[in-house]
file my_file.txt (compact mmCIF, C-alpha atoms)
# COMPACT_ATOMS: atom_id res chain seq x y z
CA MET A 3 -3.35 -49.29 -20.26
CA LEU A 4 -6.28 -47.95 -22.30
CA ARG A 5 -8.65 -49.66 -19.87
CA GLN A 6 -6.97 -47.88 -16.95
CA PHE A 7 -7.32 -44.52 -18.72
CA LEU A 8 -11.01 -45.12 -19.43
CA LEU A 9 -11.68 -46.15 -15.87
CA THR A 10 -9.89 -43.10 -14.56
CA THR A 11 -11.77 -40.76 -16.90
CA VAL A 12 -15.11 -42.40 -16.16
CA GLY A 13 -14.30 -42.41 -12.50
CA ARG A 14 -13.56 -38.68 -12.63
CA ARG A 15 -16.81 -37.99 -14.46
CA LEU A 16 -18.76 -39.85 -11.81
CA ALA A 17 -16.90 -38.22 -8.92
CA LEU A 18 -17.13 -34.58 -10.09
CA PRO A 19 -20.85 -34.04 -9.33
CA MET A 20 -20.32 -35.31 -5.78
CA ILE A 21 -17.30 -33.04 -5.25
CA ALA A 22 -19.15 -30.03 -6.66
CA GLN A 23 -22.13 -30.73 -4.42
CA ASN A 24 -19.91 -30.80 -1.33
CA ARG A 25 -18.33 -27.44 -2.32
CA SER A 26 -21.54 -25.50 -2.76
CA ALA A 27 -21.59 -21.91 -1.55
CA SER A 28 -23.98 -22.72 1.28
CA ASN A 29 -21.47 -25.15 2.79
CA LEU A 30 -18.57 -22.65 2.94
CA ASP A 31 -17.71 -21.10 6.28
CA LYS A 32 -17.64 -17.39 5.38
CA THR A 33 -15.87 -16.37 8.60
CA GLU A 34 -12.59 -17.85 7.43
CA PHE A 35 -12.46 -15.33 4.56
CA THR A 36 -13.16 -12.13 6.50
CA THR A 37 -10.58 -9.46 7.27
CA PRO A 38 -9.38 -9.53 10.87
CA VAL A 39 -10.72 -6.76 13.08
CA GLU A 40 -7.36 -6.06 14.67
CA ILE A 41 -4.04 -5.45 12.92
CA VAL A 42 -1.19 -7.44 14.45
CA ASP A 43 1.89 -5.26 14.30
CA TYR A 44 5.05 -6.25 16.13
CA ASP A 45 7.62 -3.73 17.32
CA ASP A 46 11.09 -4.02 15.91
CA PRO A 47 13.62 -5.46 18.36
CA PRO A 48 15.83 -2.82 19.99
CA HIS A 49 19.03 -4.39 18.66
CA LEU A 50 18.08 -3.40 15.10
CA PRO A 51 19.12 0.23 14.71
CA VAL A 52 17.13 2.30 12.22
CA PRO A 53 19.48 4.34 10.04
CA GLU A 54 18.94 8.08 10.09
CA TYR A 55 17.83 9.59 6.80
CA PRO A 56 20.35 12.27 5.74
CA VAL A 57 19.07 15.83 6.05
CA ARG A 58 19.76 17.90 2.93
CA PRO A 59 19.44 21.56 3.95
CA ASP A 60 21.09 23.00 0.83
CA GLU A 61 19.16 20.93 -1.70
CA PRO A 62 17.37 23.16 -4.24
CA LEU A 63 13.57 22.92 -4.11
CA GLU A 64 13.19 21.62 -7.67
CA THR A 65 15.83 18.94 -7.08
CA ARG A 66 14.08 17.91 -3.87
CA LYS A 67 10.74 17.66 -5.68
CA GLN A 68 12.29 15.49 -8.40
CA ARG A 69 13.82 13.21 -5.77
CA LEU A 70 10.50 12.95 -3.92
CA LEU A 71 8.69 12.16 -7.15
CA TYR A 72 11.02 9.23 -7.72
CA GLN A 73 10.91 8.07 -4.09
CA SER A 74 7.11 8.19 -4.09
CA ARG A 75 6.99 5.82 -7.06
CA LYS A 76 9.58 3.32 -5.77
CA ARG A 77 8.52 2.43 -2.23
CA GLY A 78 8.88 -1.33 -2.49
CA MET A 79 5.22 -1.76 -1.60
CA LEU A 80 2.68 -1.53 -4.41
CA GLU A 81 -0.06 -0.06 -2.21
CA ASN A 82 2.13 2.90 -1.28
CA ASP A 83 3.52 3.20 -4.81
CA LEU A 84 -0.02 3.76 -6.08
CA LEU A 85 -1.17 6.03 -3.25
CA LEU A 86 1.94 8.21 -3.08
CA SER A 87 2.63 8.45 -6.82
CA THR A 88 -0.93 9.62 -7.53
CA PHE A 89 -0.75 12.00 -4.55
CA VAL A 90 2.53 13.51 -5.78
CA ALA A 91 1.26 13.80 -9.35
CA LYS A 92 -1.69 15.80 -8.08
CA TYR A 93 -0.10 18.03 -5.41
CA LEU A 94 3.72 18.15 -5.39
CA ARG A 95 4.24 20.81 -8.08
CA ASP A 96 2.20 23.31 -5.99
CA PHE A 97 3.94 22.57 -2.67
CA ASN A 98 6.02 25.37 -1.17
CA ALA A 99 9.37 24.67 0.54
CA LYS A 100 7.77 23.99 3.96
CA GLN A 101 5.18 21.57 2.56
CA THR A 102 7.84 19.81 0.50
CA ALA A 103 9.99 19.39 3.62
CA GLU A 104 6.99 17.95 5.54
CA TYR A 105 6.34 15.45 2.75
CA ASP A 106 10.05 14.54 2.65
CA GLN A 107 10.00 13.94 6.40
CA LEU A 108 6.84 11.84 6.11
CA ILE A 109 8.05 9.42 3.44
CA ASN A 110 11.71 9.30 4.48
CA GLY A 111 11.53 9.79 8.24
CA VAL A 112 9.40 6.70 8.81
CA SER A 113 11.26 3.41 8.81
CA ASN A 114 8.29 1.21 7.93
CA ASP A 115 6.13 1.79 4.86
CA TRP A 116 3.27 -0.10 6.46
CA ASP A 117 3.04 2.71 9.03
CA ILE A 118 2.51 5.28 6.27
CA PHE A 119 -0.13 3.06 4.68
CA TYR A 120 -1.99 2.48 7.97
CA TRP A 121 -1.93 6.17 8.86
CA ALA A 122 -3.06 7.29 5.40
CA THR A 123 -5.92 4.80 5.37
CA GLU A 124 -6.74 5.71 9.00
CA THR A 125 -6.36 2.10 10.10
CA LYS A 126 -4.01 3.22 12.88
CA PRO A 127 -3.77 6.64 14.54
CA THR A 128 -1.11 8.96 13.18
CA PRO A 129 1.57 9.98 15.72
CA PRO A 130 1.59 13.72 16.45
CA GLU A 131 4.99 14.31 14.78
CA PHE A 132 3.60 13.04 11.45
CA ASP A 133 0.07 14.44 11.77
CA THR A 134 0.76 17.46 9.58
CA GLU A 135 -1.06 19.41 6.89
CA ILE A 136 0.49 17.04 4.32
CA MET A 137 -0.76 13.93 6.14
CA GLN A 138 -4.27 15.40 6.26
CA LEU A 139 -4.07 16.06 2.52
CA LEU A 140 -2.84 12.50 1.94
CA LYS A 141 -5.71 11.08 4.01
CA GLU A 142 -8.22 13.02 1.90
CA HIS A 143 -6.49 11.80 -1.25
CA VAL A 144 -6.76 8.20 -0.03
CA LYS A 145 -10.51 8.57 0.59
CA ASN A 146 -10.83 9.17 -3.18
CA HIS A 147 -14.07 11.13 -3.12
CA GLU A 148 -13.79 11.58 -6.90
CA LYS A 149 -13.81 7.76 -7.36
CA VAL A 150 -10.72 7.87 -9.58
CA GLN A 151 -9.32 4.47 -10.56
CA ARG A 152 -5.79 4.13 -9.23
CA ILE A 153 -4.64 0.86 -10.72
CA ARG A 154 -1.41 2.17 -12.22
CA GLN A 155 1.05 4.93 -11.53
CA PRO A 156 0.65 8.19 -13.47
CA ASP A 157 2.92 8.79 -16.42
CA LEU A 158 6.03 10.87 -15.82
call {"tool": "encode", "arguments": {"input": "my_file.txt", "output": "structure tokens"}}
result
Amino acid sequence: MLRQFLLTTVGRRLALPMIAQNRSASNLDKTEFTTPVEIVDYDDPPHLPVPEYPVRPDEPLETRKQRLLYQSRKRGMLENDLLLSTFVAKYLRDFNAKQTAEYDQLINGVSNDWDIFYWATETKPTPPEFDTEIMQLLKEHVKNHEKVQRIRQPDL
């Protein structure tokens, strides 16, 4: 048994330089690690109805802002959690009622969070109904001209 162990260990020591040589950086095909040029996005089948988000016309502005703060932090997709929570921390308190309603429609009127992410990062064109003042502000926020690190959500 000890002999088998020694042979295995010695065998590994002899084999490692050959394996490492075969895995050198010059031998890797770099094209297999590149990001695809085109995003493949499939339409939802028509038999899956998208539920309508309830309109809340009598909701007080401060209550709506608190709800949007929470909803911006809990998207279910980390990329949007970071983008939207930092966006809301920076801008929401200064939004008027119209701007708050536009933001509410943006994050709750879209059925797919990937759409919001693609529009905000300008990977896909924004449809006219969502290309509002708030979306333009979000796109500028995503560009991060100030080079702020956004690796965690802001404190509440």
call {"tool": "atom_distance", "arguments": {"input": "my_file.txt", "atom1": "atom CA of A:Arg58", "atom2": "atom CA of A:Glu142"}}
result
28.4 Å
call {"tool": "residues_around", "arguments": {"input": "my_file.txt", "residues": "stretch 105-108 of chain A", "least_positions_apart": "4", "cutoff": "12 Å", "atoms": "only C-alpha atoms", "output": "number ranges by chain"}}
result
A: 54-59, 61, 63, 66-74, 86, 89-90, 93-94, 97-101, 112-115, 117-119, 121-122, 128-140
call {"tool": "write_last_selection", "arguments": {"input": "my_file.txt", "atoms": "C-alpha atoms", "output": "compact mmCIF listing (two decimals), keeping the file's coordinate frame"}}
result
# COMPACT_ATOMS: atom_id res chain seq x y z
CA GLU A 54 18.94 8.08 10.09
CA TYR A 55 17.83 9.59 6.80
CA PRO A 56 20.35 12.27 5.74
CA VAL A 57 19.07 15.83 6.05
CA ARG A 58 19.76 17.90 2.93
CA PRO A 59 19.44 21.56 3.95
CA GLU A 61 19.16 20.93 -1.70
CA LEU A 63 13.57 22.92 -4.11
CA ARG A 66 14.08 17.91 -3.87
CA LYS A 67 10.74 17.66 -5.68
CA GLN A 68 12.29 15.49 -8.40
CA ARG A 69 13.82 13.21 -5.77
CA LEU A 70 10.50 12.95 -3.92
CA LEU A 71 8.69 12.16 -7.15
CA TYR A 72 11.02 9.23 -7.72
CA GLN A 73 10.91 8.07 -4.09
CA SER A 74 7.11 8.19 -4.09
CA LEU A 86 1.94 8.21 -3.08
CA PHE A 89 -0.75 12.00 -4.55
CA VAL A 90 2.53 13.51 -5.78
CA TYR A 93 -0.10 18.03 -5.41
CA LEU A 94 3.72 18.15 -5.39
CA PHE A 97 3.94 22.57 -2.67
CA ASN A 98 6.02 25.37 -1.17
CA ALA A 99 9.37 24.67 0.54
CA LYS A 100 7.77 23.99 3.96
CA GLN A 101 5.18 21.57 2.56
CA VAL A 112 9.40 6.70 8.81
CA SER A 113 11.26 3.41 8.81
CA ASN A 114 8.29 1.21 7.93
CA ASP A 115 6.13 1.79 4.86
CA ASP A 117 3.04 2.71 9.03
CA ILE A 118 2.51 5.28 6.27
CA PHE A 119 -0.13 3.06 4.68
CA TRP A 121 -1.93 6.17 8.86
CA ALA A 122 -3.06 7.29 5.40
CA THR A 128 -1.11 8.96 13.18
CA PRO A 129 1.57 9.98 15.72
CA PRO A 130 1.59 13.72 16.45
CA GLU A 131 4.99 14.31 14.78
CA PHE A 132 3.60 13.04 11.45
CA ASP A 133 0.07 14.44 11.77
CA THR A 134 0.76 17.46 9.58
CA GLU A 135 -1.06 19.41 6.89
CA ILE A 136 0.49 17.04 4.32
CA MET A 137 -0.76 13.93 6.14
CA GLN A 138 -4.27 15.40 6.26
CA LEU A 139 -4.07 16.06 2.52
CA LEU A 140 -2.84 12.50 1.94
call {"tool": "closest_residue", "arguments": {"input": "my_file.txt", "among": "A:Pro127, A:Tyr120, A:Arg95, A:Leu85", "to": "A:Gln151", "atoms": "only C-alpha atoms"}}
result
A:Leu85
call {"tool": "atom_distance", "arguments": {"input": "my_file.txt", "atom1": "atom CA of A:Met79", "atom2": "atom CA of A:Thr65"}}
result
23.9 Å
call {"tool": "atom_distance", "arguments": {"input": "my_file.txt", "atom1": "atom CA of A:Leu84", "atom2": "atom CA of A:Val144"}}
result
10.1 Å
